[in-house]
>>> print(open('target-v9.tsv').read())   # TSV, C-alpha atoms and all ligand atoms
chain	number	residue	atom	x	y	z
R	166	MET	CA	-5.22	-12.07	9.42
R	167	GLN	CA	-2.09	-9.88	9.41
R	168	THR	CA	-2.51	-6.12	9.18
R	169	VAL	CA	-0.01	-3.33	8.50
R	170	GLN	CA	0.43	-2.96	12.25
R	171	THR	CA	1.26	-6.68	12.66
R	172	ILE	CA	4.02	-6.39	10.06
R	173	LEU	CA	5.37	-3.09	11.45
R	174	GLU	CA	5.65	-4.74	14.87
R	175	LYS	CA	7.25	-7.83	13.37
R	176	HIS	CA	9.89	-5.59	11.76
R	177	ARG	CA	10.38	-3.68	15.03
R	178	VAL	CA	9.43	-0.35	13.48
R	179	SER	CA	9.29	2.43	16.08
R	180	ASP	CA	5.89	3.70	17.24
R	181	SER	CA	6.62	7.12	15.79
R	182	LEU	CA	7.43	5.82	12.31
R	183	ALA	CA	4.41	3.52	12.46
R	184	GLN	CA	2.28	6.57	13.26
R	185	ALA	CA	3.64	8.50	10.27
R	186	ILE	CA	2.87	5.54	8.01
R	187	HIS	CA	-0.66	5.21	9.39
R	188	CYS	CA	-1.29	8.92	8.75
R	189	VAL	CA	-0.38	8.44	5.08
R	190	LEU	CA	-2.52	5.29	4.85
R	191	ASP	CA	-5.56	7.00	6.38
R	192	CYS	CA	-5.38	9.58	3.58
R	193	SER	CA	-4.98	6.89	0.94
R	194	LYS	CA	-8.19	5.22	2.16
R	195	GLU	CA	-10.04	8.51	1.65
R	196	ILE	CA	-8.53	8.95	-1.81
R	197	SER	CA	-9.61	5.39	-2.63
R	198	VAL	CA	-13.23	6.22	-1.71
R	199	LEU	CA	-13.18	9.36	-3.88
R	200	LEU	CA	-11.81	7.38	-6.82
R	201	GLN	CA	-14.51	4.75	-6.43
R	202	LYS	CA	-17.21	7.41	-6.50
R	203	GLY	CA	-15.51	9.03	-9.52
R	204	ALA	CA	-17.82	11.31	-11.49
R	205	MET	CA	-20.49	11.00	-8.76
R	206	ALA	CA	-18.17	12.80	-6.34
R	207	GLY	CA	-17.43	15.46	-8.98
R	208	VAL	CA	-13.71	14.74	-8.77
R	209	LEU	CA	-12.88	13.96	-12.41
R	210	GLY	CA	-11.50	16.34	-15.01
R	211	SER	CA	-8.99	19.14	-15.11
R	212	ALA	CA	-8.29	21.73	-12.42
R	213	GLU	CA	-7.14	24.10	-15.19
R	214	ASN	CA	-4.00	25.28	-13.40
R	215	GLU	CA	-0.36	24.43	-13.87
R	216	ASN	CA	1.85	22.88	-11.18
R	217	VAL	CA	5.54	23.52	-10.50
R	218	GLN	CA	6.37	20.60	-12.84
R	219	GLY	CA	4.79	22.49	-15.76
R	220	GLU	CA	1.87	20.02	-15.91
R	221	THR	CA	-1.83	20.90	-16.05
R	222	GLN	CA	-3.27	19.58	-12.80
R	223	LYS	CA	-6.24	17.23	-12.67
R	224	LYS	CA	-8.86	17.97	-10.00
R	225	LEU	CA	-7.77	14.82	-8.20
R	226	ASP	CA	-4.09	15.90	-8.21
R	227	VAL	CA	-5.23	18.94	-6.20
R	228	ILE	CA	-7.77	17.13	-4.00
R	229	SER	CA	-5.41	14.30	-3.03
R	230	ASN	CA	-2.54	16.74	-2.44
R	231	ASP	CA	-4.69	18.93	-0.17
R	232	LEU	CA	-5.97	15.91	1.71
R	233	LEU	CA	-2.44	14.63	2.43
R	234	LYS	CA	-1.17	18.11	3.26
R	235	GLU	CA	-3.95	18.78	5.78
R	236	ARG	CA	-3.88	15.35	7.44
R	237	LEU	CA	-0.11	15.20	7.69
R	238	ALA	CA	-0.04	18.67	9.24
R	239	GLU	CA	-2.15	17.17	12.06
R	240	CYS	CA	0.06	14.09	12.40
R	241	PRO	CA	2.30	14.97	15.39
R	242	VAL	CA	5.31	12.89	14.24
R	243	VAL	CA	5.49	14.69	10.89
R	244	ALA	CA	7.89	17.66	10.87
R	245	GLY	CA	7.34	18.66	7.27
R	246	ILE	CA	6.09	17.63	3.87
R	247	ALA	CA	7.14	18.02	0.27
R	248	SER	CA	4.88	17.19	-2.65
R	249	GLU	CA	5.03	16.94	-6.42
R	250	GLU	CA	2.13	19.40	-6.43
R	251	GLU	CA	3.60	22.00	-4.03
R	252	ASP	CA	6.09	24.66	-5.11
R	253	LEU	CA	7.90	24.59	-1.76
R	254	PRO	CA	8.17	22.25	1.24
R	255	VAL	CA	5.68	22.90	4.06
R	256	ALA	CA	6.57	22.85	7.76
R	257	ALA	CA	4.17	20.80	9.92
R	258	ASN	CA	4.90	19.98	13.59
R	259	GLU	CA	7.77	21.31	15.65
R	260	ASP	CA	8.33	18.03	17.49
R	261	GLY	CA	7.92	15.88	14.39
R	262	GLN	CA	10.73	13.43	13.60
R	263	TYR	CA	9.90	12.72	9.96
R	264	LEU	CA	9.65	14.36	6.57
R	265	VAL	CA	6.98	12.90	4.33
R	266	ILE	CA	7.57	13.32	0.62
R	267	TYR	CA	4.85	12.27	-1.79
R	268	ASP	CA	3.35	12.07	-5.22
R	269	PRO	CA	-0.31	12.37	-4.21
R	270	LEU	CA	-1.62	10.96	-7.44
R	271	ASP	CA	0.64	9.10	-9.81
R	272	GLY	CA	-0.54	8.38	-13.35
R	273	SER	CA	-3.04	11.21	-13.31
R	274	SER	CA	-3.66	10.97	-17.07
R	275	ASN	CA	-5.46	7.68	-16.21
R	276	ILE	CA	-8.02	9.25	-13.86
R	277	ASP	CA	-10.62	10.23	-16.40
R	278	ILE	CA	-10.52	6.83	-18.14
R	279	ASN	CA	-10.94	4.77	-14.94
R	280	VAL	CA	-7.49	3.16	-15.16
R	281	THR	CA	-5.02	2.52	-12.32
R	282	VAL	CA	-3.48	5.44	-10.42
R	283	GLY	CA	-1.59	5.55	-7.12
R	284	THR	CA	-0.10	7.52	-4.25
R	285	ILE	CA	3.68	7.24	-3.72
R	286	PHE	CA	5.36	8.12	-0.42
R	287	SER	CA	8.88	8.38	0.94
R	288	ILE	CA	9.72	9.02	4.61
R	289	LEU	CA	13.00	10.62	5.69
R	290	PRO	CA	14.30	11.55	9.15
R	291	SER	CA	13.98	15.28	9.89
R	292	ARG	CA	17.21	15.30	11.97
R	293	GLY	CA	16.04	18.40	13.82
R	294	GLU	CA	16.63	20.61	10.79
R	295	ASP	CA	14.26	23.37	9.65
R	296	PRO	CA	11.36	21.67	7.81
R	297	SER	CA	10.46	24.84	5.93
R	298	LYS	CA	13.84	24.77	4.13
R	299	GLU	CA	14.39	22.81	0.94
R	300	ALA	CA	17.90	21.79	2.10
R	301	THR	CA	16.43	19.71	4.96
R	302	TYR	CA	14.81	17.42	2.40
R	303	LEU	CA	17.86	16.99	0.17
R	304	GLN	CA	18.88	13.58	1.51
R	305	ASN	CA	19.74	10.68	-0.76
R	306	GLY	CA	17.42	7.69	-1.12
R	307	ARG	CA	19.51	5.54	1.24
R	308	GLN	CA	18.28	7.74	4.13
R	309	GLN	CA	14.64	6.70	3.58
R	310	VAL	CA	13.23	4.97	6.67
R	311	ALA	CA	10.13	3.86	4.78
R	312	ALA	CA	8.77	4.02	1.25
R	313	GLY	CA	5.77	2.68	-0.55
R	314	TYR	CA	2.78	3.23	-2.73
R	315	VAL	CA	-0.93	2.70	-2.61
R	316	LEU	CA	-2.30	1.47	-5.92
R	317	TYR	CA	-5.93	2.22	-6.74
R	318	GLY	CA	-6.84	-0.50	-9.24
R	319	PRO	CA	-9.44	-3.25	-9.30
R	320	ALA	CA	-8.36	-3.62	-5.65
R	321	THR	CA	-6.68	-0.93	-3.55
R	322	MET	CA	-3.28	-2.27	-2.53
R	323	LEU	CA	-0.40	-1.08	-0.38
R	324	VAL	CA	3.20	-1.98	-1.19
R	325	MET	CA	5.64	-0.96	1.49
R	326	SER	CA	9.16	-1.33	2.80
R	327	THR	CA	10.77	-0.15	6.03
R	328	GLY	CA	14.12	-1.57	4.95
R	329	LYS	CA	13.24	-5.18	5.76
R	330	GLY	CA	11.97	-6.45	2.43
R	331	VAL	CA	8.73	-5.60	0.66
R	332	ASP	CA	5.25	-6.62	1.78
R	333	ILE	CA	1.97	-6.23	-0.10
R	334	PHE	CA	-1.41	-5.59	1.47
R	335	THR	CA	-4.94	-5.44	0.05
R	336	LEU	CA	-7.53	-3.01	1.36
R	337	ASP	CA	-10.44	-5.06	2.71
R	338	PRO	CA	-13.50	-2.94	1.85
R	339	THR	CA	-15.47	-4.58	4.67
R	340	SER	CA	-13.10	-3.80	7.55
R	341	ASN	CA	-11.34	-0.85	5.80
R	342	GLU	CA	-8.01	-2.42	6.87
R	343	PHE	CA	-4.98	-3.19	4.71
R	344	VAL	CA	-4.53	-6.96	5.05
R	345	LEU	CA	-1.24	-8.71	4.26
R	346	THR	CA	-1.63	-10.64	1.01
R	347	GLN	CA	1.99	-11.17	-0.17
R	348	GLU	CA	4.89	-11.31	2.25
R	349	GLN	CA	8.50	-10.54	1.27
R	350	VAL	CA	8.12	-10.34	-2.52
R	351	GLN	CA	11.15	-10.84	-4.77
R	352	ILE	CA	11.54	-9.65	-8.36
R	353	THR	CA	12.51	-12.43	-10.74
R	354	PRO	CA	16.07	-11.57	-11.98
R	355	SER	CA	15.47	-12.28	-15.66
R	356	THR	CA	12.58	-11.15	-17.84
R	357	LYS	CA	11.11	-10.97	-21.34
R	358	GLU	CA	8.97	-7.90	-20.70
R	359	PHE	CA	9.80	-4.21	-21.06
R	360	ALA	CA	7.96	-0.93	-20.53
R	361	ILE	CA	8.85	2.36	-22.21
R	362	ASN	CA	6.83	5.10	-23.90
R	363	MET	CA	7.78	4.21	-27.51
R	364	SER	CA	6.29	7.43	-28.85
R	365	ASN	CA	9.37	9.24	-27.55
R	366	GLN	CA	11.79	7.03	-29.48
R	367	ARG	CA	13.12	9.76	-31.74
R	368	PHE	CA	14.02	11.90	-28.74
R	369	TRP	CA	16.12	9.30	-26.86
R	370	ALA	CA	19.89	9.25	-26.55
R	371	GLU	CA	21.91	6.70	-28.51
R	372	PRO	CA	22.35	3.97	-25.82
R	373	VAL	CA	18.56	3.75	-25.27
R	374	GLN	CA	17.94	3.74	-29.04
R	375	THR	CA	20.29	0.78	-29.46
R	376	TYR	CA	19.06	-1.15	-26.42
R	377	VAL	CA	15.37	-0.82	-27.36
R	378	SER	CA	16.01	-1.73	-30.98
R	379	ASP	CA	17.81	-4.87	-29.71
R	380	LEU	CA	14.80	-5.65	-27.49
R	381	LEU	CA	12.55	-5.31	-30.53
R	382	ALA	CA	14.81	-7.51	-32.69
R	383	GLY	CA	13.69	-10.56	-30.68
R	384	GLU	CA	15.21	-14.05	-31.12
R	385	GLU	CA	17.19	-12.93	-34.18
R	386	GLY	CA	18.76	-9.95	-32.38
R	387	PRO	CA	21.81	-9.82	-30.08
R	388	LEU	CA	19.63	-10.38	-26.96
R	389	ALA	CA	18.28	-13.61	-28.53
R	390	LYS	CA	14.89	-13.37	-26.80
R	391	ARG	CA	11.37	-12.47	-27.87
R	392	TYR	CA	10.18	-9.62	-25.64
R	393	ASN	CA	6.68	-8.41	-24.87
R	394	MET	CA	5.86	-4.75	-24.11
R	395	ARG	CA	3.46	-3.01	-21.69
R	396	TRP	CA	2.81	0.68	-20.97
R	397	ILE	CA	0.18	1.73	-18.43
R	398	ALA	CA	1.30	5.40	-18.07
R	399	ALA	CA	1.33	5.08	-14.26
R	400	MET	CA	4.64	4.22	-12.63
R	401	VAL	CA	2.82	2.59	-9.69
R	402	ALA	CA	1.16	0.11	-12.03
R	403	GLU	CA	4.41	-0.61	-13.91
R	404	VAL	CA	6.34	-1.21	-10.67
R	405	HIS	CA	3.50	-3.35	-9.36
R	406	ARG	CA	3.61	-5.55	-12.45
R	407	ILE	CA	7.40	-5.84	-12.16
R	408	LEU	CA	7.24	-6.81	-8.47
R	409	ASN	CA	4.78	-9.54	-9.38
R	410	ARG	CA	6.17	-10.98	-12.60
R	411	GLY	CA	9.42	-9.19	-13.43
R	412	GLY	CA	10.27	-6.80	-16.25
R	413	ILE	CA	12.17	-3.60	-16.94
R	414	PHE	CA	10.63	-0.12	-16.76
R	415	MET	CA	12.38	2.80	-18.42
R	416	TYR	CA	11.75	6.51	-18.48
R	417	PRO	CA	15.04	7.73	-19.94
R	418	TRP	CA	16.30	11.23	-20.57
R	419	ASP	CA	15.07	12.60	-23.88
R	420	ASN	CA	15.70	15.79	-25.78
R	421	ARG	CA	12.16	17.18	-25.57
R	422	GLU	CA	13.32	19.10	-22.50
R	423	PRO	CA	17.10	19.01	-23.01
R	424	ASN	CA	17.90	20.80	-19.76
R	425	LYS	CA	15.96	18.36	-17.58
R	426	PRO	CA	17.32	14.87	-16.90
R	427	GLY	CA	14.06	13.08	-17.71
R	428	LYS	CA	10.38	13.29	-16.79
R	429	LEU	CA	10.20	11.47	-13.49
R	430	ARG	CA	11.03	13.11	-10.18
R	431	LEU	CA	13.85	11.82	-8.00
R	432	MET	CA	12.30	12.58	-4.59
R	433	TYR	CA	8.63	11.70	-5.27
R	434	GLU	CA	9.01	8.81	-7.69
R	435	GLY	CA	12.64	7.74	-8.22
R	436	ASN	CA	13.76	7.21	-4.62
R	437	PRO	CA	10.68	5.52	-3.12
R	438	MET	CA	10.28	3.17	-6.10
R	439	SER	CA	14.03	2.40	-6.05
R	440	MET	CA	13.82	1.44	-2.37
R	441	LEU	CA	10.97	-0.99	-3.11
R	442	VAL	CA	12.75	-2.44	-6.14
R	443	GLU	CA	16.09	-2.91	-4.34
R	444	GLN	CA	14.40	-4.31	-1.24
R	445	ALA	CA	12.74	-6.87	-3.54
R	446	GLY	CA	16.09	-7.89	-5.05
R	447	GLY	CA	15.82	-5.79	-8.22
R	448	LEU	CA	17.96	-2.92	-9.50
R	449	SER	CA	17.18	0.76	-10.13
R	450	VAL	CA	19.63	3.05	-11.92
R	451	ASN	CA	19.76	6.35	-13.78
R	452	GLY	CA	21.94	4.89	-16.55
R	453	GLU	CA	25.12	5.41	-14.53
R	454	ILE	CA	24.60	4.79	-10.82
R	455	ASN	CA	21.96	3.47	-8.43
R	456	ILE	CA	19.22	6.08	-8.10
R	457	MET	CA	19.33	6.04	-4.30
R	458	ASP	CA	23.04	7.04	-4.41
R	459	ILE	CA	22.25	10.32	-6.20
R	460	GLU	CA	22.80	13.34	-3.93
R	461	PRO	CA	19.75	15.54	-4.58
R	462	GLU	CA	20.29	19.21	-5.31
R	463	LYS	CA	16.68	20.29	-5.69
R	464	ILE	CA	13.42	19.03	-4.26
R	465	HIS	CA	11.77	18.83	-7.71
R	466	GLN	CA	14.84	17.35	-9.39
R	467	ARG	CA	14.21	14.97	-12.33
R	468	VAL	CA	15.94	11.66	-12.96
R	469	PRO	CA	16.21	9.13	-15.79
R	470	VAL	CA	14.89	5.75	-14.56
R	471	PHE	CA	15.74	2.14	-15.49
R	472	LEU	CA	14.38	-0.29	-12.93
R	473	GLY	CA	13.24	-3.86	-12.44
R	474	SER	CA	14.64	-7.35	-12.96
R	475	LYS	CA	18.31	-7.27	-12.03
R	476	GLU	CA	19.82	-9.01	-15.07
R	477	GLU	CA	17.81	-6.89	-17.53
R	478	VAL	CA	18.66	-3.58	-15.81
R	479	GLU	CA	22.33	-4.62	-15.82
R	480	LYS	CA	22.00	-5.24	-19.57
R	481	ALA	CA	20.49	-1.77	-20.10
R	482	LEU	CA	23.30	-0.32	-18.03
R	483	SER	CA	25.93	-2.07	-20.15
R	484	TYR	CA	24.65	-0.19	-23.25
R	485	HIS	CA	25.25	3.08	-21.39
R	486	LYS	CA	28.75	2.07	-20.34
R	487	ALA	CA	29.72	0.83	-23.86
L	1	LIG	P1	2.23	11.98	-12.51
L	1	LIG	O1	0.86	11.56	-12.91
L	1	LIG	O2	2.47	11.86	-11.03
L	1	LIG	O3	2.64	13.32	-13.05
L	1	LIG	O4	3.27	10.92	-13.06
L	1	LIG	C1	3.12	10.39	-14.34
L	1	LIG	C2	4.41	9.72	-14.71
L	1	LIG	C3	4.51	8.25	-14.40
L	1	LIG	O5	3.63	7.72	-13.50
L	1	LIG	C4	4.36	7.55	-15.73
L	1	LIG	O6	5.23	6.48	-15.78
L	1	LIG	C5	4.70	8.60	-16.72
L	1	LIG	O7	4.56	9.84	-16.10
L	1	LIG	C6	3.82	8.53	-17.93
L	1	LIG	O8	4.35	9.34	-18.90
L	1	LIG	P2	3.79	9.47	-20.38
L	1	LIG	O9	2.72	10.51	-20.31
L	1	LIG	O10	4.99	9.90	-21.18
L	1	LIG	O11	3.27	8.13	-20.80
L	2	MN	MN	1.96	15.16	-12.26
L	3	MN	MN	3.96	10.43	-10.62
L	4	MN	MN	1.42	12.93	-9.48
>>> encode(input="target-v9.tsv", output="structure tokens")
Amino acid sequence: MQTVQTILEKHRVSDSLAQAIHCVLDCSKEISVLLQKGAMAGVLGSAENENVQGETQKKLDVISNDLLKERLAECPVVAGIASEEEDLPVAANEDGQYLVIYDPLDGSSNIDINVTVGTIFSILPSRGEDPSKEATYLQNGRQQVAAGYVLYGPATMLVMSTGKGVDIFTLDPTSNEFVLTQEQVQITPSTKEFAINMSNQRFWAEPVQTYVSDLLAGEEGPLAKRYNMRWIAAMVAEVHRILNRGGIFMYPWDNREPNKPGKLRLMYEGNPMSMLVEQAGGLSVNGEINIMDIEPEKIHQRVPVFLGSKEEVEKALSYHKA
């Protein structure tokens, strides 16, 4: 049986980074228990307040955020944290070497219907800079020393990279350990499956309109393939499907909020997922460049996302360049 620790040692990850990862994973195990208890733990439903993203928070958005915030503050290697649910970054430990950036609960519209949600994390070096300042966190995705997500589905699973490929673990409910179940996954380069929220079609820009209508045209269209479509409304679940059987996931810019470059967040969602996808041989772009090459200007910055099977993402990109 290989555990997270076995793989971290195999990849020669430093003890301090391993500790930061274990702190995140300890929280995810607690979140997993709360999700399994669901209504019995009184954790479902709305928290009735709005977060910095302009979204109404679910109780579990708040609970999982508080849990991570409190535990990571006690994790000596963590210098500071930034969260989708926090207005500002929070300083943690003076001697900490890492910044932990997270989406405590991804796909929170799925909570109340007992469908997959997840926790996404991204770990950056703190480089001795002030962890209470936003600027300290504004590092591009290439600086990530680790990234991953924990998916709370039929099984609780961990998908993680420390820059040496992507490994997948399953939480064994008996031992409460994440056990290695897929080593070094690779995304198949070609696909016949796409994921996009079609209800936003009328709001998309022209290149996305054309690309998606070509996907829908099937064998008779210019792409000469019959595509299938999936939409789970949780990026963790979409990325998980793509890691396992290929596909393209898109959350493009749309003109519902013309001044924001899309719905998804660069630091909490875009960068960590892009690291996993690239480490598994896939591609992740904003329609112009690789997401991890974007120099962030704000901690809550948004980003258009096209990620997954390399050949399909290149195709989507070619519509933007045309
Ligand atoms: P979050 O729950 O962390 O706010 O993120 C939800 C995101 C992402 O996981 C998913 O792909 C997308 O929003 C779903 O958006 P729609 O509501 O447009 O389907
Ligand atoms: Mn949210
Ligand atoms: Mn999210
Ligand atoms: Mn979230």
>>> closest_residue(input="target-v9.tsv", among="R:His485, R:Val350, R:Gly427, R:Ala360", to="Glu443 in chain R", atoms="only C-alpha atoms")
R:Val350
>>> atom_distance(input="target-v9.tsv", atom1="CA of Lys298 in chain R", atom2="CA of Glu235 in chain R")
18.8 Å
>>> residues_around(input="target-v9.tsv", residues="Asn341 in chain R", least_positions_apart="5", cutoff="12 Å", atoms="only C-alpha atoms", output="NGL selection string")
:R and (168-169 or 190-191 or 193-195 or 197-198 or 321-322 or 334-336)
>>> atom_distance(input="target-v9.tsv", atom1="CA of Gly272 in chain R", atom2="CA of Val344 in chain R")
24.3 Å
>>> residues_around(input="target-v9.tsv", residues="Pro437 in chain R", least_positions_apart="6", cutoff="7 Å", atoms="all atoms listed in the file", output="PyMOL selection string")
chain R and resi 286-287+312-313
>>> closest_residue(input="target-v9.tsv", among="R:Ile196, R:Leu316, R:Val377, R:Ala399", to="ligand MN 2 (chain L)", atoms="only C-alpha atoms and all ligand atoms")
R:Ala399
>>> atom_distance(input="target-v9.tsv", atom1="CA of His176 in chain R", atom2="CA of Gly330 in chain R")
9.6 Å
>>> closest_atom_pairs(input="target-v9.tsv", of="chain R", to="ligand MN 3 (chain L)", cutoff="9 Å", atoms="all atoms listed in the file", output="JSON lines")
{"residue": "R:Glu249", "atom": "CA", "partner": "L:MN3", "partner_atom": "MN", "distance": 7.8}
{"residue": "R:Asp268", "atom": "CA", "partner": "L:MN3", "partner_atom": "MN", "distance": 5.7}
{"residue": "R:Pro269", "atom": "CA", "partner": "L:MN3", "partner_atom": "MN", "distance": 7.9}
{"residue": "R:Leu270", "atom": "CA", "partner": "L:MN3", "partner_atom": "MN", "distance": 6.4}
{"residue": "R:Asp271", "atom": "CA", "partner": "L:MN3", "partner_atom": "MN", "distance": 3.7}
{"residue": "R:Gly272", "atom": "CA", "partner": "L:MN3", "partner_atom": "MN", "distance": 5.6}
{"residue": "R:Ser273", "atom": "CA", "partner": "L:MN3", "partner_atom": "MN", "distance": 7.5}
{"residue": "R:Val282", "atom": "CA", "partner": "L:MN3", "partner_atom": "MN", "distance": 9.0}
{"residue": "R:Gly283", "atom": "CA", "partner": "L:MN3", "partner_atom": "MN", "distance": 8.2}
{"residue": "R:Thr284", "atom": "CA", "partner": "L:MN3", "partner_atom": "MN", "distance": 8.1}
{"residue": "R:Ile285", "atom": "CA", "partner": "L:MN3", "partner_atom": "MN", "distance": 7.6}
{"residue": "R:Ala399", "atom": "CA", "partner": "L:MN3", "partner_atom": "MN", "distance": 7.0}
{"residue": "R:Met400", "atom": "CA", "partner": "L:MN3", "partner_atom": "MN", "distance": 6.6}
{"residue": "R:Val401", "atom": "CA", "partner": "L:MN3", "partner_atom": "MN", "distance": 8.0}
{"residue": "R:Leu429", "atom": "CA", "partner": "L:MN3", "partner_atom": "MN", "distance": 6.9}
{"residue": "R:Arg430", "atom": "CA", "partner": "L:MN3", "partner_atom": "MN", "distance": 7.6}
{"residue": "R:Tyr433", "atom": "CA", "partner": "L:MN3", "partner_atom": "MN", "distance": 7.2}
{"residue": "R:Glu434", "atom": "CA", "partner": "L:MN3", "partner_atom": "MN", "distance": 6.1}
>>> closest_residue(input="target-v9.tsv", among="R:Ala183, R:Val217, R:Leu323, R:Leu232", to="ligand LIG 1 (chain L)", atoms="all atoms listed in the file")
R:Val217
>>> residues_around(input="target-v9.tsv", residues="Asn436 in chain R", least_positions_apart="3", cutoff="6 Å", atoms="all atoms listed in the file", output="tab-separated table (two decimals) with C-alpha atoms, keeping the file's coordinate frame")
chain	number	residue	atom	x	y	z
R	306	GLY	CA	17.42	7.69	-1.12
R	431	LEU	CA	13.85	11.82	-8.00
R	432	MET	CA	12.30	12.58	-4.59
R	439	SER	CA	14.03	2.40	-6.05
R	457	MET	CA	19.33	6.04	-4.30
>>> closest_residue(input="target-v9.tsv", among="R:Arg410, R:Arg367, R:Lys480, R:Lys428", to="Leu380 in chain R", atoms="all atoms listed in the file")
R:Lys480
>>> closest_residue(input="target-v9.tsv", among="R:Tyr263, R:Tyr484, R:Tyr314, R:Tyr392", to="ligand MN 4 (chain L)", atoms="all atoms listed in the file")
R:Tyr314
>>> residues_around(input="target-v9.tsv", residues="Asn393 in chain R", least_positions_apart="4", cutoff="10 Å", atoms="only C-alpha atoms", output="ChimeraX atom specification")
/R:356-360,380-381,383,412
>>> residues_around(input="target-v9.tsv", residues="Val265 in chain R", least_positions_apart="5", cutoff="9 Å", atoms="only C-alpha atoms", output="number ranges by chain")
R: 185, 189, 237, 243-248, 286-290
>>> closest_residue(input="target-v9.tsv", among="R:Asp180, R:Asp231, R:Asp226, R:Glu220", to="ligand MN 4 (chain L)", atoms="all atoms listed in the file")
R:Asp226
>>> residues_near_point(input="target-v9.tsv", point="(13.0, 17.7, -25.6)", cutoff="12 Å", atoms="only C-alpha atoms", output="MDAnalysis selection string")
chainID R and resid 365:370 417:428
